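Shown next, in C-alpha cells, is the structure this report addresses.
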Amino acid sequence: MRTASRSPAGFRAGTCSRCRTTTDVPGYLNGRVNTLRLWSAQATNAFDLQIFNSGDYAQAVRAQTFAENISKVLYPEDSTPQGKELRLQQQYFFVAASLHDFINKELEEGFDLHRLSERIAFQLNDTHPVIAVPELMRILVYEKGYDWDEAWDITSRCFGYTCHTLLPEALEVWPTELLERLLPRHLEIIYRINEEFLAQVRKQFPDDELRARRMSIIAELPERGVRMAYLATVAATKVNGVAELHSQLLRDKVLPDFSEMYPDKFTNVTNGVTLRRFVRLANPKLSTLITDTIGAGGVTQLERLKELKPYADDADFRAAFREAKQWNKTRLTTLLKARDGIELPEGHLLDVMVKRLHEYKRQSLKLLHIVSLYEQVISGKIAASDVTPRTVVFGAKAAPGYKMAKETIHLINKVADKVNADERLEGRLKVAFPANYNVTLAEKLIPAADLSEQISLAGMEASGTGNMKLALNGALTIGTDDGANVEIRKLVGDKHFFLFGMNEPQVAELGAQGYVPGDYYEKNPNLKAAIDLILSGYFSPSDQHMFDQVIYSLLNTDRFMALADFDSYIAAQAKVEQHYADQDAWTRSAILNVARSGYFSSDRSVRDYIQRIWHTSPVL
C-alpha cells in the first residue's frame, strides 16, 4: 500500500467543497440541545470568466453543476451507471464531511485520537454510510500520521452497525471498478482490511477455504465488488437488527458466518417512535384524554401508558376515546377533500395501509382483497348490504426505478376509479390513494385509522415503525408474524391483534418444497375470479393488457407468496368485520393497544443503544 495520500478521483481538487448548515434541536423539557448538521456541496470555483468569455458558457459553470448535483437529491435513481456513480459520490461526500467536521472542528486541539471512541460513536445506519470506515482509516493514516495497526484499533472501536433489511439486494455491493475510479485510496484500504480479516478467518477456521470465500468483503461474482454489509460487520463493535425476529434472522440467515465468528457482536435494538411527535402533536384529542386520565408524565415516560388499562372497561372513557377517533376522522376528511379532492364517507371502518411501495410489503395482497370483495358484489355472490362499510386508504412512495411498484400504484388507482363510481356497492366500499404521502399527511391519517395493515411476508420486514405509530394511536393491527408485529402482538395480546398467514419457518419450508403460485389461483374460486377480473381488462378498458406484468408476476413467480397467504388473510378480515360490528369491544381493544404499546418509545430505543452498543451515559 502506497503511503502518499491522494484526492478521491470523483472529487477533483478545486471542484467541490462542503457547506454546513446547523439547526438547534431542543430536547423536550430536559434543558439540552442537540445540533443537526445539514451538508450541501458547493464548487470552490463556481464560475470561470475566461472560459465564459471564450463562448463555452456550459463549461464555465461545469464545476458548479457537478458540485451541486451531489447534494441536490438524496438517493438518486441508480438503475443507470450515472446514477450509481452519483450515489457513491453522495454517500462519500456526506460521511467525509461529517468525519472531518468532528475530528477537525469539534475535538480540541491536540486531542489524542487513541481516545476517539471515548468521545464519539459513529452508528452506521444501514450500508449507505459504510464508506466512512475506510475514510476514517484514510484520515488517521494519511492525514494524522498513525501507523496502520494504530489506525485500525481506533477505527474498530468507533463504529456500530445497524442493519435495516433482510433482503440480499438491499445490502449494497459497490463494483470495484467504480470504487477504483472514484475512490482509489479507499479501495486500497478496503483490500488491506479484507486481507487481514481473511487471515483471521483462516486462523480461526483452518482448512475451510469455502468459508473464507463466503466471508470475504470482496465478492467475485456476478461482478467483483465490495460487500458493504460485510465491511461494516468486520469494523463494528456491535451489529444490531431492529426487531427481535429481524435480529435473530440477521444472525441465522443473513450473516451466519459472521455471527459464528463474532457471537458477542450481535444484539437487538427494537425500533421506536416518539409519542411527543406522533401522539401529542399529531393526535391532540387523544393526547389530552391520556393526560387528563393519567397525568402529564406519559409524554416522557411511555411505560406509564399501562395505567390506561383499567379504563378500557370504563364506559365513559370508551366514549371519550371514540369521540377522539371520530374527531380525527373528520379532520382527515376535511384535509383530503381540500388537498386531493378525495371525499371519505362517514361511518366507515378506516382501513389504512401506509408504507413504502415494495412487493415484499404486499400491497398486492390488500388489492386482491378489495377486488375479490368487489367482484363478489357485482357478480351477485354476496349482497352489497352484507358488506361492512369500509374505506381503504393507501399511502406509499416507490423508488424512481422500481417499475413493478409503479405498475402496482397505477393498478390500485384504476381499481379505485371503478370501485368508487360503482353504484352497485351502495357506497359501502371506497378506495383512496392520496398523492405524495409524507409525514404531514401521516400525522392526520394515522390518528384516524381503525385498522393497520401490516401484511408483509413473514421473515421479510426488518421492523416497521408505522405499525407502532398506528397501534399507539388506537388502530388494531391485521398482520403477519413479521418484524415488530411479533412484539406488538405479544404485548397487546392475541385477542386485540388479527394474526394471519405463514410464519417464517413455514415460509422457508414452502420455498424449499417449491412454491407454485398457480396452484393457489386454481384452487381458490374467489382469488381466481379477482385475478381474472383484472386480466380481463375490466379496470383498464383502453388497454386490456395494461396490468399483465403485475398479474403474471403473481401467477408465475409471486416471490413474496401473496397468493399462498390470501385465504388466511380473507379469514382474518372476516374476524375484523365481526369485531368491528361490536363498537364497544372494538374500542376496548383499541384502548388496550395504546396502553400496551409504550415499549415502542424511541426513548427506550435510545436507552438500548446507550446500554448495549455505545456504553455511555445518557446525560453528558
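In the C-alpha cells, chains take letters A, B, ... by order of appearance, with residues numbered from 1 within each chain and ligands from 1 in the order shown.
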request  = Assign secondary structure with DSSP using the backbone only, and return the residues of range 123-280 of chain A in alpha helix (DSSP H) as an MDAnalysis selection string.
outcome  = chainID A and resid 132:138 148:155 176:182 184:204 209:215 228:235 244:249 256:261 275
Mind dumping a table of every range 392-458 of chain A residue within 10 Å of range 76-89 of chain A, with the nearest atom pair and its distance in Å to one decimal, using only C-alpha atoms, sorted by chain and rising number, as a Markdown table?
| residue | atom | partner | partner_atom | distance |
| --- | --- | --- | --- | --- |
| A:Ala399 | CA | A:Glu77 | CA | 7.3 |
| A:Pro400 | CA | A:Glu77 | CA | 5.6 |
| A:Gly401 | CA | A:Glu77 | CA | 6.0 |
| A:Tyr402 | CA | A:Ser79 | CA | 9.0 |
Selection above as a file: all heavy atoms, as a PDB file, in the first residue's frame:
ATOM      1  N   ALA A 399     -39.522   3.717  -5.234  1.00  0.00           N
ATOM      2  CA  ALA A 399     -38.219   4.133  -5.754  1.00  0.00           C
ATOM      3  C   ALA A 399     -38.362   4.495  -7.230  1.00  0.00           C
ATOM      4  O   ALA A 399     -39.133   3.868  -7.963  1.00  0.00           O
ATOM      5  CB  ALA A 399     -37.204   3.006  -5.581  1.00  0.00           C
ATOM      6  N   PRO A 400     -37.628   5.510  -7.697  1.00  0.00           N
ATOM      7  CA  PRO A 400     -37.810   6.003  -9.075  1.00  0.00           C
ATOM      8  C   PRO A 400     -37.687   4.931 -10.151  1.00  0.00           C
ATOM      9  O   PRO A 400     -38.412   4.959 -11.141  1.00  0.00           O
ATOM     10  CB  PRO A 400     -36.704   7.058  -9.211  1.00  0.00           C
ATOM     11  CG  PRO A 400     -36.424   7.507  -7.832  1.00  0.00           C
ATOM     12  CD  PRO A 400     -36.636   6.310  -6.951  1.00  0.00           C
ATOM     13  N   GLY A 401     -36.788   3.977  -9.954  1.00  0.00           N
ATOM     14  CA  GLY A 401     -36.567   2.969 -10.977  1.00  0.00           C
ATOM     15  C   GLY A 401     -37.307   1.662 -10.750  1.00  0.00           C
ATOM     16  O   GLY A 401     -37.085   0.688 -11.477  1.00  0.00           O
ATOM     17  N   TYR A 402     -38.208   1.622  -9.782  1.00  0.00           N
ATOM     18  CA  TYR A 402     -38.877   0.381  -9.404  1.00  0.00           C
ATOM     19  C   TYR A 402     -40.169   0.258 -10.224  1.00  0.00           C
ATOM     20  O   TYR A 402     -41.239   0.673  -9.803  1.00  0.00           O
ATOM     21  CB  TYR A 402     -39.168   0.395  -7.908  1.00  0.00           C
ATOM     22  CG  TYR A 402     -39.539  -0.931  -7.289  1.00  0.00           C
ATOM     23  CD1 TYR A 402     -39.634  -1.053  -5.905  1.00  0.00           C
ATOM     24  CD2 TYR A 402     -39.812  -2.064  -8.054  1.00  0.00           C
ATOM     25  CE1 TYR A 402     -39.975  -2.248  -5.307  1.00  0.00           C
ATOM     26  CE2 TYR A 402     -40.151  -3.260  -7.473  1.00  0.00           C
ATOM     27  CZ  TYR A 402     -40.243  -3.357  -6.101  1.00  0.00           C
ATOM     28  OH  TYR A 402     -40.590  -4.546  -5.517  1.00  0.00           O
TER      29      TYR A 402
END
inquiry  = I want to know what sits within 12 Å of Phe205 in chain A, based on only C-alpha atoms, with residues of the same chain fewer than 5 positions away left out; could you give that as a ChimeraX atom specification?
reply    = /A:198-200,210-212,215,257-258,260-261
inquiry  = List the spatial neighbours of Ala320 in chain A as a ChimeraX atom specification - criterion: any atom at most 12 Å away, only C-alpha atoms, same-chain residues fewer than 2 positions off excluded.
reply    = /A:285-290,292-293,311-312,314-318,322-327,584,587-588,591
Taking a cut-off of 12 Å and counting only C-alpha atoms, can you build a table that, for each residue of range 63-97 of chain A near range 20-30 of chain A, reports the nearest atom pair and how far apart they are in Å (one decimal), sorted by chain then residue number, as JSON lines?
{"residue": "A:Ser71", "atom": "CA", "partner": "A:Arg20", "partner_atom": "CA", "distance": 11.8}
{"residue": "A:Phe94", "atom": "CA", "partner": "A:Arg20", "partner_atom": "CA", "distance": 10.6}
{"residue": "A:Ala97", "atom": "CA", "partner": "A:Arg20", "partner_atom": "CA", "distance": 8.7}
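If only C-alpha atoms are the atoms counted, then among A:Ile531, A:Leu99, A:Leu350, A:Leu178 the closest residue to Cys158 in chain A is A:Leu99.
Counting only C-alpha atoms and comparing A:Asn413, A:Asn436, A:Ser452, A:Ser98, the residue that lies closest to Thr465 in chain A is A:Ser452.
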inquiry  = Excluding Ala170 in chain A and its own-chain neighbours fewer than 2 positions away, which residues fall within 12 Å of it when counting only C-alpha atoms? Please give them as a PyMOL selection string.
reply    = chain A and resi 126-128+163-168+172-174+227-229+254+358+460+462
message = Excluding Lys575 in chain A and its own-chain neighbours fewer than 5 positions away, which residues fall within 12 Å of it when counting only C-alpha atoms? Please give them as JSON, numbers by chain.
response = {"A": [388, 476, 477, 478, 495, 496, 497, 498, 499, 500, 568, 569, 570, 580, 581, 582, 586]}
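Every residue of range 349-502 of chain A found in strand (DSSP E) when DSSP is run on the backbone appears here: A:Leu349, A:Leu350, A:Asp351, A:Val352, A:Met353, A:Val354, A:Arg390, A:Thr391, A:Val392, A:Val393, A:Phe394, A:Gly395, A:Leu429, A:Lys430, A:Val431, A:Ala432, A:Leu451, A:Ser452, A:Glu453, A:Gln454, A:Leu476, A:Thr477, A:Ile478, A:Gly479, A:Phe497, A:Phe498, A:Leu499.
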Any chance you could export the current selection's C-alpha atoms as a PDB file, in the first residue's frame?
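Contents of result-v4.pdb, as written:
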ATOM      1  CA  LEU A 349     -64.123   1.353   9.030  1.00  0.00           C
ATOM      2  CA  LEU A 350     -60.961   3.219   8.038  1.00  0.00           C
ATOM      3  CA  ASP A 351     -58.581   0.550   6.737  1.00  0.00           C
ATOM      4  CA  VAL A 352     -55.090   2.016   6.308  1.00  0.00           C
ATOM      5  CA  MET A 353     -52.022   0.718   4.507  1.00  0.00           C
ATOM      6  CA  VAL A 354     -49.243   3.304   4.519  1.00  0.00           C
ATOM      7  CA  ARG A 390     -65.064   0.182   4.676  1.00  0.00           C
ATOM      8  CA  THR A 391     -62.737   2.797   3.190  1.00  0.00           C
ATOM      9  CA  VAL A 392     -59.267   1.591   2.280  1.00  0.00           C
ATOM     10  CA  VAL A 393     -56.601   4.285   2.211  1.00  0.00           C
ATOM     11  CA  PHE A 394     -53.205   3.581   0.671  1.00  0.00           C
ATOM     12  CA  GLY A 395     -50.207   5.803   1.159  1.00  0.00           C
ATOM     13  CA  LEU A 429     -66.638   0.159  -0.239  1.00  0.00           C
ATOM     14  CA  LYS A 430     -64.303   3.014  -1.139  1.00  0.00           C
ATOM     15  CA  VAL A 431     -60.613   3.169  -2.067  1.00  0.00           C
ATOM     16  CA  ALA A 432     -58.356   6.219  -1.765  1.00  0.00           C
ATOM     17  CA  LEU A 451     -57.249  -0.884  11.067  1.00  0.00           C
ATOM     18  CA  SER A 452     -53.491  -1.048  10.498  1.00  0.00           C
ATOM     19  CA  GLU A 453     -52.390  -3.226   7.561  1.00  0.00           C
ATOM     20  CA  GLN A 454     -49.013  -4.861   8.317  1.00  0.00           C
ATOM     21  CA  LEU A 476     -55.890  -2.506  15.612  1.00  0.00           C
ATOM     22  CA  THR A 477     -53.368  -4.463  13.564  1.00  0.00           C
ATOM     23  CA  ILE A 478     -54.020  -7.123  10.973  1.00  0.00           C
ATOM     24  CA  GLY A 479     -50.657  -8.635  10.250  1.00  0.00           C
ATOM     25  CA  PHE A 497     -54.455  -8.384  17.038  1.00  0.00           C
ATOM     26  CA  PHE A 498     -55.622 -10.086  13.825  1.00  0.00           C
ATOM     27  CA  LEU A 499     -52.906 -12.605  13.002  1.00  0.00           C
TER      28      LEU A 499
END
I'd like a table as CSV: residues in range 446-538 of chain A with an atom no more than 10 Å from range 266-273 of chain A, each row giving the shortest atom pair and its distance in Å to one decimal, only C-alpha atoms counted, sorted by chain and rising residue number.
residue,atom,partner,partner_atom,distance
A:Ala462,CA,A:Asn271,CA,9.6
A:Ser463,CA,A:Asn271,CA,6.9
A:Gly464,CA,A:Asn271,CA,7.7
A:Thr465,CA,A:Val273,CA,6.7
A:Gly466,CA,A:Val273,CA,8.7
A:Met468,CA,A:Val273,CA,7.1
A:Lys469,CA,A:Val273,CA,6.8
A:Leu472,CA,A:Val273,CA,9.4
A:Gly483,CA,A:Thr270,CA,9.3
A:Ala484,CA,A:Thr270,CA,7.4
A:Glu487,CA,A:Thr270,CA,9.1
Could you turn the residues from that selection into a file that holds C-alpha atoms, as a PDB file, in the first residue's frame?
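Everything below was put into result.pdb:
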ATOM      1  CA  ALA A 462     -36.986  -5.752   9.417  1.00  0.00           C
ATOM      2  CA  SER A 463     -39.212  -3.954  11.899  1.00  0.00           C
ATOM      3  CA  GLY A 464     -41.587  -1.309  10.725  1.00  0.00           C
ATOM      4  CA  THR A 465     -42.364   1.863  12.641  1.00  0.00           C
ATOM      5  CA  GLY A 466     -45.687   2.708  11.015  1.00  0.00           C
ATOM      6  CA  MET A 468     -46.011   1.205  16.127  1.00  0.00           C
ATOM      7  CA  LYS A 469     -47.431   4.658  15.323  1.00  0.00           C
ATOM      8  CA  LEU A 472     -50.127   3.959  19.691  1.00  0.00           C
ATOM      9  CA  GLY A 483     -40.750  -7.627  12.093  1.00  0.00           C
ATOM     10  CA  ALA A 484     -42.007  -5.766  15.139  1.00  0.00           C
ATOM     11  CA  GLU A 487     -43.582  -7.867  19.577  1.00  0.00           C
TER      12      GLU A 487
END
request  = For Lys397 in chain A, list every protein, DNA or RNA residue within 7 Å, evaluated using only C-alpha atoms, and leave out those in the same chain fewer than 3 positions away; present the list as a list in words.
outcome  = Arg356, Leu357 and Tyr437 of chain A
I need the residues from that last selection saved to file as a PDB file, in the first residue's frame (with N, CA and C atoms), if you can.
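Below is the file that was written, part_30.pdb:
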ATOM      1  N   ARG A 356     -43.707   2.244   2.390  1.00  0.00           N
ATOM      2  CA  ARG A 356     -43.030   2.250   1.094  1.00  0.00           C
ATOM      3  C   ARG A 356     -43.640   1.172   0.208  1.00  0.00           C
ATOM      4  N   LEU A 357     -43.786   1.489  -1.089  1.00  0.00           N
ATOM      5  CA  LEU A 357     -44.347   0.512  -2.017  1.00  0.00           C
ATOM      6  C   LEU A 357     -43.255  -0.475  -2.406  1.00  0.00           C
ATOM      7  N   TYR A 437     -47.662  10.956  -0.362  1.00  0.00           N
ATOM      8  CA  TYR A 437     -47.745  10.595   1.049  1.00  0.00           C
ATOM      9  C   TYR A 437     -46.470  11.042   1.761  1.00  0.00           C
TER      10      TYR A 437
END
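Comparing A:Ala236, A:Leu124, A:Ile342, A:Met546 by their smallest distance to Asp417 in chain A, the closest is A:Ile342 (using only C-alpha atoms).
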